[in-house]
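Visitor: protein-v1.cif is reproduced below (mmCIF, C-alpha atoms).
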```
data_entry
#
loop_
_atom_site.label_atom_id
_atom_site.label_comp_id
_atom_site.auth_asym_id
_atom_site.auth_seq_id
_atom_site.Cartn_x
_atom_site.Cartn_y
_atom_site.Cartn_z
CA MET A 732 8.53 -2.35 9.16
CA PHE A 733 12.22 -2.26 9.87
CA ASP A 734 14.63 -0.17 11.89
CA LEU A 735 17.38 1.46 9.80
CA THR A 736 18.50 3.83 12.53
CA THR A 737 19.81 3.33 16.04
CA SER A 738 17.24 5.40 17.92
CA HIS A 739 14.01 7.32 17.47
CA LEU A 740 15.72 10.71 17.89
CA PRO A 741 17.50 10.71 14.51
CA LYS A 742 14.18 9.76 12.89
CA ALA A 743 12.41 12.71 14.47
CA ILE A 744 15.19 15.17 13.59
CA PHE A 745 15.38 13.86 10.05
CA ALA A 746 11.61 14.00 9.57
CA LEU A 747 11.50 17.61 10.75
CA PHE A 748 14.31 18.48 8.36
CA LEU A 749 12.40 16.94 5.46
CA VAL A 750 9.29 18.91 6.33
CA TYR A 751 11.32 22.10 6.56
CA ILE A 752 12.97 21.53 3.18
CA SER A 753 9.64 20.68 1.54
CA THR A 754 7.99 23.88 2.71
CA MET A 755 10.77 26.13 1.46
CA PHE A 756 9.60 25.92 -2.11
CA PHE A 757 6.49 26.83 -3.99
CA ALA A 758 3.97 24.02 -4.29
CA LYS A 759 1.66 23.32 -7.21
CA LYS A 760 -2.11 23.61 -6.83
CA LYS A 761 -3.43 21.04 -4.38
CA TRP A 762 -6.19 18.56 -5.14
CA ASP A 763 -9.45 19.37 -3.34
CA PRO A 764 -11.89 16.46 -2.76
CA LYS A 765 -14.84 18.71 -1.91
CA GLY A 766 -17.83 17.82 -4.09
CA LYS A 767 -15.91 15.05 -5.87
CA HIS A 768 -17.22 11.50 -6.27
CA VAL A 769 -14.64 9.32 -4.53
CA TYR A 770 -14.76 5.55 -4.96
CA ILE A 771 -12.94 3.44 -2.37
CA THR A 772 -12.55 -0.34 -2.49
CA GLY A 773 -11.88 -2.09 0.78
CA GLY A 774 -13.88 0.74 2.31
CA SER A 775 -15.53 -1.12 5.18
CA GLN A 776 -12.47 -1.28 7.44
CA GLY A 777 -8.78 -0.46 7.78
CA LEU A 778 -7.16 2.02 5.43
CA GLY A 779 -10.19 2.22 3.13
CA LEU A 780 -12.59 3.20 5.91
CA ALA A 781 -10.11 5.63 7.48
CA LEU A 782 -9.67 7.29 4.09
CA ALA A 783 -13.44 7.43 3.51
CA LYS A 784 -13.94 9.15 6.87
CA LEU A 785 -11.14 11.63 6.18
CA LEU A 786 -12.57 12.55 2.78
CA ALA A 787 -16.14 12.73 4.10
CA LYS A 788 -14.97 15.41 6.52
CA LYS A 789 -13.53 17.29 3.54
CA GLY A 790 -16.85 17.35 1.69
CA ALA A 791 -16.44 14.45 -0.75
CA ASN A 792 -19.25 12.22 -2.01
CA ILE A 793 -18.24 8.68 -1.09
CA SER A 794 -18.82 5.24 -2.57
CA ILE A 795 -17.33 2.37 -0.58
CA VAL A 796 -17.09 -1.22 -1.78
CA ALA A 797 -16.35 -4.39 0.20
CA ARG A 798 -17.61 -7.96 0.45
CA THR A 799 -19.40 -7.96 3.81
CA GLN A 800 -22.69 -6.05 3.89
CA SER A 801 -22.85 -5.81 7.68
CA LYS A 802 -19.46 -4.09 7.81
CA LEU A 803 -20.52 -1.73 5.04
CA ASP A 804 -23.68 -0.82 6.96
CA GLU A 805 -21.63 0.07 10.02
CA ALA A 806 -19.19 2.07 7.91
CA LEU A 807 -22.05 4.09 6.39
CA LYS A 808 -23.29 4.97 9.86
CA GLU A 809 -19.84 6.34 10.70
CA LEU A 810 -19.69 8.36 7.50
CA GLU A 811 -23.10 9.91 8.19
CA THR A 812 -21.78 11.36 11.46
CA LEU A 813 -19.06 13.17 9.51
CA ARG A 814 -21.29 14.82 6.94
CA THR A 815 -20.39 18.47 6.26
CA SER A 816 -23.26 19.23 3.89
CA PRO A 817 -26.81 17.93 3.36
CA THR A 818 -25.98 17.52 -0.33
CA GLN A 819 -23.20 15.00 0.29
CA SER A 820 -24.00 11.43 -0.75
CA PHE A 821 -22.66 8.27 0.84
CA HIS A 822 -23.26 4.83 -0.66
CA ALA A 823 -22.00 1.30 0.01
CA PHE A 824 -21.90 -1.68 -2.31
CA SER A 825 -21.27 -5.33 -1.55
CA PHE A 826 -19.13 -6.96 -4.23
CA SER A 827 -16.20 -9.31 -4.51
CA LEU A 828 -13.62 -7.60 -6.72
CA SER A 829 -11.61 -10.66 -7.74
CA SER A 830 -12.94 -10.78 -11.32
CA PRO A 831 -13.27 -8.25 -14.15
CA SER A 832 -17.04 -8.63 -14.33
CA THR A 833 -17.71 -8.01 -10.64
CA SER A 834 -15.25 -5.12 -10.53
CA ALA A 835 -17.01 -3.49 -13.48
CA ALA A 836 -20.41 -4.15 -11.90
CA ALA A 837 -19.35 -2.52 -8.62
CA LEU A 838 -18.15 0.59 -10.44
CA ALA A 839 -21.36 0.72 -12.50
CA ALA A 840 -23.48 0.49 -9.36
CA ALA A 841 -21.60 3.37 -7.74
CA THR A 842 -21.86 5.44 -10.91
CA ALA A 843 -25.62 4.91 -11.12
CA ALA A 844 -26.11 5.80 -7.45
CA HIS A 845 -24.32 9.13 -7.93
CA ASN A 846 -26.59 10.45 -10.70
CA ASP A 847 -24.69 8.50 -13.34
CA THR A 848 -21.45 10.26 -12.38
CA VAL A 849 -18.36 8.14 -12.84
CA PRO A 850 -15.97 8.54 -9.89
CA ASP A 851 -13.57 11.45 -10.08
CA VAL A 852 -11.08 9.48 -8.01
CA VAL A 853 -10.69 5.74 -7.48
CA PHE A 854 -8.76 4.50 -4.44
CA ALA A 855 -8.05 0.76 -4.75
CA CYS A 856 -7.51 -0.14 -1.10
CA ALA A 857 -8.84 -3.72 -1.21
CA GLY A 858 -6.39 -6.55 -0.60
CA ALA A 859 -5.21 -9.21 1.79
CA SER A 860 -2.00 -10.97 2.85
CA LYS A 861 -1.25 -14.48 4.10
CA PRO A 862 2.44 -14.62 5.03
CA MET A 863 4.02 -18.07 5.21
CA PHE A 864 7.05 -20.03 4.07
CA PHE A 865 7.27 -20.50 0.30
CA VAL A 866 7.88 -24.26 0.51
CA GLU A 867 4.78 -24.94 2.61
CA MET A 868 2.31 -23.00 0.46
CA GLY A 869 -0.40 -24.86 -1.37
CA GLU A 870 -1.31 -23.98 -4.94
CA GLY A 871 -4.34 -22.03 -3.78
CA GLU A 872 -2.32 -19.96 -1.33
CA PHE A 873 0.33 -19.15 -3.92
CA GLU A 874 -2.24 -18.14 -6.55
CA GLY A 875 -4.30 -16.35 -3.92
CA GLY A 876 -1.42 -14.01 -3.22
CA MET A 877 -1.73 -12.54 -6.70
CA ARG A 878 -5.52 -12.56 -6.64
CA ASP A 879 -5.83 -10.80 -3.28
CA GLY A 880 -2.78 -8.58 -3.66
CA TYR A 881 -2.82 -7.65 -7.36
CA TRP A 882 -5.90 -8.60 -9.36
CA VAL A 883 -8.37 -7.25 -6.81
CA GLN A 884 -6.90 -3.79 -7.51
CA ALA A 885 -5.92 -4.26 -11.16
CA TRP A 886 -9.47 -5.16 -12.26
CA THR A 887 -10.79 -2.05 -10.49
CA ALA A 888 -8.21 0.16 -12.21
CA TRP A 889 -9.03 -1.45 -15.56
CA ALA A 890 -12.76 -0.83 -15.18
CA ALA A 891 -12.23 2.71 -13.91
CA ALA A 892 -9.84 3.70 -16.70
CA LYS A 893 -12.28 2.49 -19.36
CA GLU A 894 -15.17 4.48 -17.92
CA MET A 895 -13.13 7.62 -17.34
CA VAL A 896 -11.85 7.58 -20.92
CA LYS A 897 -15.30 6.92 -22.42
CA ARG A 898 -16.84 9.79 -20.47
CA GLY A 899 -13.93 12.19 -20.75
CA THR A 900 -13.40 12.27 -16.98
CA LYS A 901 -9.97 13.63 -16.14
CA GLY A 902 -9.79 11.75 -12.87
CA LYS A 903 -7.33 9.93 -10.68
CA ILE A 904 -6.61 6.23 -10.12
CA VAL A 905 -4.75 5.42 -6.91
CA LEU A 906 -3.31 1.97 -6.21
CA VAL A 907 -2.10 0.74 -2.83
CA SER A 908 1.12 -1.27 -2.74
CA SER A 909 3.32 -1.66 0.36
CA THR A 910 6.86 -1.12 1.58
CA LEU A 911 7.14 -4.70 0.29
CA GLY A 912 6.57 -3.31 -3.21
CA PHE A 913 10.12 -1.90 -3.01
CA MET A 914 11.84 -4.90 -1.42
CA SER A 915 10.99 -8.16 0.34
CA PHE A 916 12.17 -10.85 2.75
CA VAL A 917 11.30 -14.24 4.20
CA GLY A 918 7.59 -14.98 4.62
CA TYR A 919 6.22 -12.74 1.88
CA ALA A 920 6.72 -14.85 -1.26
CA SER A 921 2.99 -14.79 -2.10
CA TYR A 922 2.34 -11.15 -1.13
CA SER A 923 5.36 -9.14 -2.21
CA PRO A 924 5.24 -10.20 -5.89
CA ALA A 925 1.71 -8.80 -6.08
CA LYS A 926 2.81 -5.51 -4.58
CA HIS A 927 5.74 -5.27 -7.00
CA ALA A 928 3.30 -6.00 -9.83
CA LEU A 929 1.08 -3.13 -8.72
CA ARG A 930 4.07 -0.83 -8.95
CA GLY A 931 4.64 -2.02 -12.52
CA LEU A 932 0.99 -1.42 -13.36
CA ALA A 933 1.11 2.06 -11.85
CA GLU A 934 4.27 2.90 -13.84
CA ALA A 935 2.53 1.91 -17.07
CA LEU A 936 -0.68 3.76 -16.20
CA ARG A 937 1.15 6.92 -15.20
CA SER A 938 2.53 7.07 -18.73
CA GLU A 939 -0.43 5.78 -20.76
CA LEU A 940 -3.16 7.71 -18.97
CA LEU A 941 -1.43 10.97 -19.87
CA LEU A 942 -3.19 10.46 -23.19
CA TYR A 943 -6.51 11.15 -21.49
CA GLY A 944 -5.64 13.64 -18.76
CA ILE A 945 -6.00 10.97 -16.06
CA SER A 946 -3.39 10.78 -13.32
CA ALA A 947 -2.14 7.58 -11.67
CA HIS A 948 -0.66 7.35 -8.17
CA ILE A 949 0.55 4.52 -5.95
CA PHE A 950 0.85 4.40 -2.17
CA PHE A 951 3.48 2.35 -0.34
CA PRO A 952 2.37 2.08 3.31
CA PRO A 953 4.44 0.33 5.99
CA THR A 954 2.85 -2.04 8.50
CA MET A 955 -0.65 -0.79 9.29
CA TYR A 956 -2.38 -1.84 12.48
CA THR A 957 -5.72 -2.89 11.01
CA PRO A 958 -8.00 -5.97 11.06
CA GLY A 959 -6.03 -7.18 8.03
CA PHE A 960 -2.81 -7.07 10.06
CA ASP A 961 -4.41 -9.15 12.80
CA GLU A 962 -5.50 -11.70 10.20
CA GLU A 963 -2.07 -12.01 8.56
CA ASN A 964 -0.42 -12.59 11.93
CA LYS A 965 -2.30 -15.90 12.17
CA THR A 966 0.05 -17.45 9.58
CA LYS A 967 3.11 -15.18 9.81
CA PRO A 968 6.34 -17.15 10.49
CA PRO A 969 8.25 -16.35 13.69
CA ILE A 970 11.31 -15.19 11.76
CA THR A 971 9.14 -12.72 9.84
CA ARG A 972 7.74 -11.38 13.10
CA LYS A 973 11.26 -11.02 14.48
CA ILE A 974 12.44 -8.99 11.50
CA GLU A 975 9.42 -6.72 11.85
CA GLU A 976 9.55 -6.31 15.62
CA THR A 977 11.37 -2.96 15.47
CA ASP A 978 8.74 -1.55 13.12
CA ASP A 979 6.72 1.30 14.62
CA GLY A 980 4.01 0.89 11.99
CA LEU A 981 1.09 3.24 11.39
CA SER A 982 -2.53 3.31 12.42
CA ALA A 983 -5.04 3.21 9.57
CA GLU A 984 -5.83 6.86 10.28
CA ALA A 985 -2.18 7.95 10.06
CA ALA A 986 -1.73 5.99 6.82
CA ALA A 987 -4.87 7.57 5.36
CA ILE A 988 -3.53 11.04 6.13
CA GLY A 989 -0.23 10.19 4.43
CA LEU A 990 -2.05 8.84 1.38
CA PHE A 991 -4.35 11.85 1.14
CA LYS A 992 -1.50 14.35 1.44
CA GLY A 993 0.41 12.55 -1.31
CA VAL A 994 -2.55 12.68 -3.69
CA GLU A 995 -3.23 16.26 -2.63
CA ARG A 996 0.33 17.21 -3.65
CA GLY A 997 0.12 15.23 -6.87
CA ASP A 998 2.88 12.75 -5.93
CA PHE A 999 3.20 9.60 -8.01
CA HIS A 1000 5.07 7.41 -5.53
CA ILE A 1001 3.51 8.17 -2.14
CA THR A 1002 5.08 7.19 1.18
CA ALA A 1003 4.08 8.03 4.74
CA ASP A 1004 7.14 7.05 6.78
CA LEU A 1005 10.90 7.50 6.69
CA ILE A 1006 11.87 3.85 6.25
CA THR A 1007 9.71 3.33 3.17
CA SER A 1008 10.98 6.62 1.77
CA LEU A 1009 14.53 5.28 2.00
CA PHE A 1010 13.60 2.13 0.11
CA LYS A 1011 11.79 4.30 -2.44
CA ALA A 1012 14.94 6.36 -2.92
CA SER A 1013 17.06 3.26 -3.47
CA THR A 1014 14.71 1.75 -6.10
CA ARG A 1015 13.10 4.75 -7.80
CA GLY A 1016 13.63 3.73 -11.40
CA ASN A 1017 12.05 6.27 -13.75
CA ALA A 1018 9.41 7.50 -11.27
CA PRO A 1019 9.13 11.31 -11.26
CA ARG A 1020 10.57 13.12 -8.27
CA GLY A 1021 8.04 15.95 -8.08
CA GLY A 1022 8.83 19.63 -7.61
CA PHE A 1023 12.14 21.19 -6.64
CA GLY A 1024 11.48 20.70 -2.92
CA SER A 1025 10.75 17.01 -3.47
CA TRP A 1026 13.84 16.72 -5.63
CA MET A 1027 15.98 18.07 -2.79
CA VAL A 1028 14.45 15.68 -0.26
CA ASP A 1029 14.76 12.70 -2.61
CA SER A 1030 18.39 13.51 -3.32
CA LEU A 1031 19.15 13.55 0.39
CA LEU A 1032 17.32 10.25 0.85
CA ASP A 1033 19.36 8.78 -2.03
CA VAL A 1034 22.55 9.40 -0.07
CA VAL A 1035 21.18 8.00 3.20
CA ALA A 1036 19.74 4.92 1.46
CA LEU A 1037 23.08 4.23 -0.22
CA PHE A 1038 24.48 3.31 3.20
CA ALA A 1039 21.41 2.36 5.26
CA VAL A 1040 19.78 -0.18 2.94
CA PRO A 1041 22.83 -2.50 2.60
CA ILE A 1042 23.25 -2.42 6.40
CA TRP A 1043 19.61 -3.38 6.86
CA ARG A 1044 19.86 -6.17 4.27
CA ARG A 1045 22.90 -7.69 5.96
CA SER A 1046 21.12 -7.57 9.31
CA VAL A 1047 18.09 -9.40 7.90
CA ASP A 1048 20.26 -12.01 6.18
CA ASN A 1049 22.03 -12.70 9.46
CA GLN A 1050 18.71 -13.16 11.25
CA VAL A 1051 17.52 -15.57 8.58
CA LEU A 1052 20.73 -17.61 8.71
CA ALA A 1053 20.50 -17.82 12.51
CA HIS A 1054 16.98 -19.25 12.11
CA ARG A 1055 18.07 -22.27 10.04
CA GLU A 1056 18.08 -24.92 12.76
CA GLU A 1057 14.78 -23.76 14.24
CA HIS A 1058 13.28 -23.74 10.75
CA ALA A 1059 14.54 -27.25 9.96
CA ALA A 1060 12.97 -28.51 13.19
CA TYR A 1061 9.70 -26.81 12.25
CA LEU A 1062 9.63 -28.45 8.81
CA GLN A 1063 10.38 -31.86 10.34
CA LYS A 1064 7.52 -31.41 12.80
CA LYS A 1065 5.21 -30.51 9.92
CA GLY A 1066 6.32 -33.64 8.04
CA PHE A 1067 7.87 -31.69 5.20
CA LEU A 1068 11.45 -32.87 5.96
CA GLY A 1069 12.80 -36.22 6.98
CA SER A 1070 15.50 -36.56 9.62
CA GLU A 1071 18.17 -35.92 6.98
CA GLY A 1072 16.71 -32.44 6.30
CA SER A 1073 18.19 -31.01 9.48
CA SER A 1074 21.84 -31.56 8.56
CA SER A 1075 21.40 -30.32 4.98
CA SER A 1076 19.57 -27.18 6.12
CA SER A 1077 22.23 -26.17 8.62
CA GLY A 1078 25.14 -26.12 6.17
CA ALA A 1079 26.72 -23.03 4.73
CA ALA A 1080 24.96 -21.18 1.95
CA SER A 1081 26.28 -21.79 -1.55
CA ASP A 1082 27.81 -18.88 -3.44
#
```
Translate the structure of the given file into structure tokens.
Guide:
Amino acid sequence: MFDLTTSHLPKAIFALFLVYISTMFFAKKKWDPKGKHVYITGGSQGLGLALAKLLAKKGANISIVARTQSKLDEALKELETLRTSPTQSFHAFSFSLSSPSTSAAALAAATAAHNDTVPDVVFACAGASKPMFFVEMGEGEFEGGMRDGYWVQAWTAWAAAKEMVKRGTKGKIVLVSSTLGFMSFVGYASYSPAKHALRGLAEALRSELLLYGISAHIFFPPTMYTPGFDEENKTKPPITRKIEETDDGLSAEAAAIGLFKGVERGDFHITADLITSLFKASTRGNAPRGGFGSWMVDSLLDVVALFAVPIWRRSVDNQVLAHREEHAAYLQKKGFLGSEGSSSSSGAASD
């Protein structure tokens, strides 16, 4: 999403070093999805579908949930081509997940379809973003940011936790945040708060679900080139695009691999790129670091982030300040500002 280094070469060298360090130490037993009932929201496209396909190839039984039946039908056809065993089961369910009742109903439908087996793992990949300037949002757009970015996953986690506890299932609940769950900048005032809230929910669940032998995880992907990304670009402000223009981003498939490997290792905070890992290091809070190898990597990232993150922040602030006049002209054209708005917007920032 953002370039914290001066070239791609240091990134490649640094990434190889991290891999080398991580493999020097003994790893704990890896999670195996074979034969497990995996429930994926947002499973008809983007990250959710890429993850479903990856896990289908590893022998999992898959339930995907999304709103549009036609997309679900096409997704099921793709999953069938990846079947590794005649005993695998693939099911799709059309539900909106924006309320507690529909989220519970979707989970119940998937449970019934898999011989009354509650999912072993729940991946909450559903969500949407509508970037725009804070001052031009309507009430619906502001509230929609929390509905589409937080509640659509929180209700699923709530329903899943209840069923897992009732049935004694020692499963996993995996939320999907964003790099913007560690930080934020202009254009994401409706989206980033939801992603920060998911981090807070995951922190609480990681602790509380220890009571029941259930593990919680949260994924922080960078920009992903998916249909959702194409949709958010329709409203994304030019200054937001400019800040993001150095971002390499990830394909849905690459992000799915990063997510899977994190869950496979048992990571709590999961990242799939260097930049997000630096922001993670600078805002870790009380999140566990993992094994000794992870501790070494995280400690190194702490040092790099100490210098890189303030440099990045200053660069973004300078870009925002340089955009003032263009932004004032935009607001005047939209009728939000009168002619006096231009002079007041171009003054120096108050301390």
Visitor: Axis-aligned box over every listed atom of segment 874-887 of chain A, padded by 8 Å per side: centre and edges in Å to one decimal, as AutoDock Vina command-line options?
Guide:
```
--center_x -6.1 --center_y -10.1 --center_z -7.7 --size_x 25.4 --size_y 32.1 --size_z 25.0
```
Visitor: Just want the 7 Å neighbourhood of segment 884-892 of chain A, counted on only C-alpha atoms, with same-chain residues fewer than 5 positions away dropped. Output as a list in words.
Guide: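 Near neighbours after the sequence-gap exclusion: Ser830, Pro831, Ser834, Ala835, Ala855, Ala857, Ile904 and Leu906 of chain A.
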Visitor: When distances are computed from all atoms listed in the file, which of A:Lys965, A:His948, A:Arg878, A:Arg814 shows the smallest separation from Arg996 of chain A?
Guide: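 Going through A:Lys965, A:His948, A:Arg878, A:Arg814 one by one, the smallest distance to Arg996 of chain A is for A:His948.
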Visitor: Specify as a PDB file with C-alpha atoms, keeping the file's coordinate frame each residue included when the PyMOL selection byres ((chain A and resi 772) around 7) is applied to this file.
Guide:
```
ATOM      1  CA  TYR A 770     -14.760   5.550  -4.960  1.00  0.00           C
ATOM      2  CA  ILE A 771     -12.940   3.440  -2.370  1.00  0.00           C
ATOM      3  CA  GLY A 773     -11.880  -2.090   0.780  1.00  0.00           C
ATOM      4  CA  GLY A 774     -13.880   0.740   2.310  1.00  0.00           C
ATOM      5  CA  GLY A 779     -10.190   2.220   3.130  1.00  0.00           C
ATOM      6  CA  ILE A 795     -17.330   2.370  -0.580  1.00  0.00           C
ATOM      7  CA  VAL A 796     -17.090  -1.220  -1.780  1.00  0.00           C
ATOM      8  CA  ALA A 797     -16.350  -4.390   0.200  1.00  0.00           C
ATOM      9  CA  PHE A 854      -8.760   4.500  -4.440  1.00  0.00           C
ATOM     10  CA  ALA A 855      -8.050   0.760  -4.750  1.00  0.00           C
ATOM     11  CA  CYS A 856      -7.510  -0.140  -1.100  1.00  0.00           C
ATOM     12  CA  ALA A 857      -8.840  -3.720  -1.210  1.00  0.00           C
TER      13      ALA A 857
END
```
Visitor: What's the separation between atom CA of Phe951 of chain A and atom CA of Val907 of chain A, in Å to one decimal place?
Guide: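 Atom CA of Phe951 of chain A sits 6.3 Å away from atom CA of Val907 of chain A.
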Visitor: Could you tell me how far atom CA of Phe873 of chain A lies from atom CA of Phe960 of chain A, in Å and to one decimal?
Guide: 18.7 Å
Visitor: Of the residues A:Leu1052, A:Met1027, A:Leu803, A:Met895, which is the one nearest to Leu942 of chain A, using all atoms listed in the file?
Guide: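 Checking each candidate against Leu942 of chain A, we get A:Met895 as the closest.
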Visitor: What would the selection look like, as a VMD selection string, if the PyMOL selection byres ((chain A and resi 953) around 12) were run on the coordinates I just shared?
Guide: chain A and resid 732 to 734 778 907 to 914 950 to 952 954 to 957 960 975 978 to 983 985 to 987 989 to 990 1001 to 1011
Visitor: From the set A:Asn964, A:Thr1014, A:Gln1063, A:Gln1050, which residue has the shortest atom-to-atom contact distance to Pro862 of chain A, counting only C-alpha atoms?
Guide: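 Distance minimum relative to Pro862 of chain A lands on A:Asn964.
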Visitor: If you apply the PyMOL selection byres ((chain A and resi 810) around 9) to this file, what residues do you get, as a list in words?
Guide: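 Given this file, the PyMOL selection byres ((chain A and resi 810) around 9) evaluates to Leu780, Ala783, Lys784, Ala787, Lys788, Ile793, Glu805, Ala806, Leu807, Lys808, Glu809, Glu811, Thr812, Leu813, Arg814 and Phe821 of chain A.
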Visitor: Take the residues just selected and output them with C-alpha atoms as an mmCIF file, in the frame of the given file.
Guide:
```
data_model
loop_
_atom_site.group_PDB
_atom_site.id
_atom_site.type_symbol
_atom_site.label_atom_id
_atom_site.label_comp_id
_atom_site.auth_asym_id
_atom_site.auth_seq_id
_atom_site.Cartn_x
_atom_site.Cartn_y
_atom_site.Cartn_z
ATOM 1 C CA LEU A 780 -12.590 3.200 5.910
ATOM 2 C CA ALA A 783 -13.440 7.430 3.510
ATOM 3 C CA LYS A 784 -13.940 9.150 6.870
ATOM 4 C CA ALA A 787 -16.140 12.730 4.100
ATOM 5 C CA LYS A 788 -14.970 15.410 6.520
ATOM 6 C CA ILE A 793 -18.240 8.680 -1.090
ATOM 7 C CA GLU A 805 -21.630 0.070 10.020
ATOM 8 C CA ALA A 806 -19.190 2.070 7.910
ATOM 9 C CA LEU A 807 -22.050 4.090 6.390
ATOM 10 C CA LYS A 808 -23.290 4.970 9.860
ATOM 11 C CA GLU A 809 -19.840 6.340 10.700
ATOM 12 C CA GLU A 811 -23.100 9.910 8.190
ATOM 13 C CA THR A 812 -21.780 11.360 11.460
ATOM 14 C CA LEU A 813 -19.060 13.170 9.510
ATOM 15 C CA ARG A 814 -21.290 14.820 6.940
ATOM 16 C CA PHE A 821 -22.660 8.270 0.840
#
```
Visitor: If we count all atoms listed in the file, what is near segment 969-971 of chain A at a cut-off of 10 Å, once residues fewer than 2 positions away on the same chain are taken out, given as number ranges by chain?
Guide: A: 862-864, 916-919, 964, 966-967, 973-976, 1047, 1050-1051, 1053-1055, 1057-1058
Visitor: Between atom CA of Ala1012 of chain A and atom CA of Ser921 of chain A, what distance in Å does the model show, to one decimal?
Guide: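 A separation of 24.3 Å between them.
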Visitor: In terms of the shortest atom-to-atom distance over all atoms listed in the file, which of A:Lys767, A:Lys760, A:Lys802, A:Lys861 is closest to Thr818 of chain A?
Guide: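 Under the stated criterion, the closest residue is A:Lys767.
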